[in-house]
Amino acid sequence: MTDASDPRPGEDGLGERERAVLALERRSWPGPGAKERAVRERLGLSPTRYYQLLNALLDDPRALVHDPVTVNRLRRVRAEKEQRR
């Protein structure tokens, strides 16, 4: 496995960090803070930067090709939150 900061794109055009962000989103988390801790430890990102990257990925067609189930689920969640505002 390559380092999560490796910028080289995979077959789908996403870099290793982008694929790692989507992989973290596929998981379920046992309790509060677990996901944020994993973001810091595995990706070396602050939670704020992580969510900025994630939001950009949700609008990236390459992410949809890479993981359509996760991206579509997160798009629905984001749309529901926007509707409540």
# chains A, B, ... in the order shown; residues from 1 in each chain; ligands from 1

call {"tool": "select_by_dssp", "arguments": {"residues": "chain A", "states": "helix (DSSP H, G or I)", "output": "PyMOL selection string"}}
result
chain A and resi 16-26+34-43+47-58+61-66+68-84

call {"tool": "residues_around", "arguments": {"residues": "stretch 25-41 of chain A", "least_positions_apart": "3", "cutoff": "10 Å", "atoms": "only C-alpha atoms", "output": "list in words"}}
result
Arg19, Ala20, Val21, Leu22, Gly44, Leu45, Ser46, Pro47, Thr48, Arg49, Tyr50, Tyr51, Leu54, Asp67, Val69, Thr70, Val71, Arg73 and Leu74 of chain A

call {"tool": "residues_around", "arguments": {"residues": "A:Asp59", "least_positions_apart": "5", "cutoff": "12 Å", "atoms": "only C-alpha atoms", "output": "PDB file with C-alpha atoms, in the first residue's frame"}}
result
ATOM      1  CA  GLN A  52     -13.127  20.393   2.864  1.00  0.00           C
ATOM      2  CA  LEU A  53     -11.483  17.692   0.763  1.00  0.00           C
ATOM      3  CA  LEU A  54     -14.474  15.391   1.174  1.00  0.00           C
ATOM      4  CA  LEU A  64     -18.376   8.919  -8.352  1.00  0.00           C
ATOM      5  CA  VAL A  65     -16.704   6.457 -10.736  1.00  0.00           C
ATOM      6  CA  PRO A  68     -20.601   5.419  -6.479  1.00  0.00           C
ATOM      7  CA  VAL A  71     -20.483   9.260  -3.015  1.00  0.00           C
ATOM      8  CA  ASN A  72     -24.216   9.035  -3.705  1.00  0.00           C
ATOM      9  CA  LEU A  74     -22.909  11.360   1.058  1.00  0.00           C
ATOM     10  CA  ARG A  75     -24.479  13.564  -1.616  1.00  0.00           C
ATOM     11  CA  ARG A  78     -25.393  16.783   2.179  1.00  0.00           C
TER      12      ARG A  78
END

call {"tool": "closest_residue", "arguments": {"among": "A:Leu57, A:Arg62, A:Glu18, A:Ala79", "to": "A:Leu43", "atoms": "only C-alpha atoms"}}
result
A:Glu18
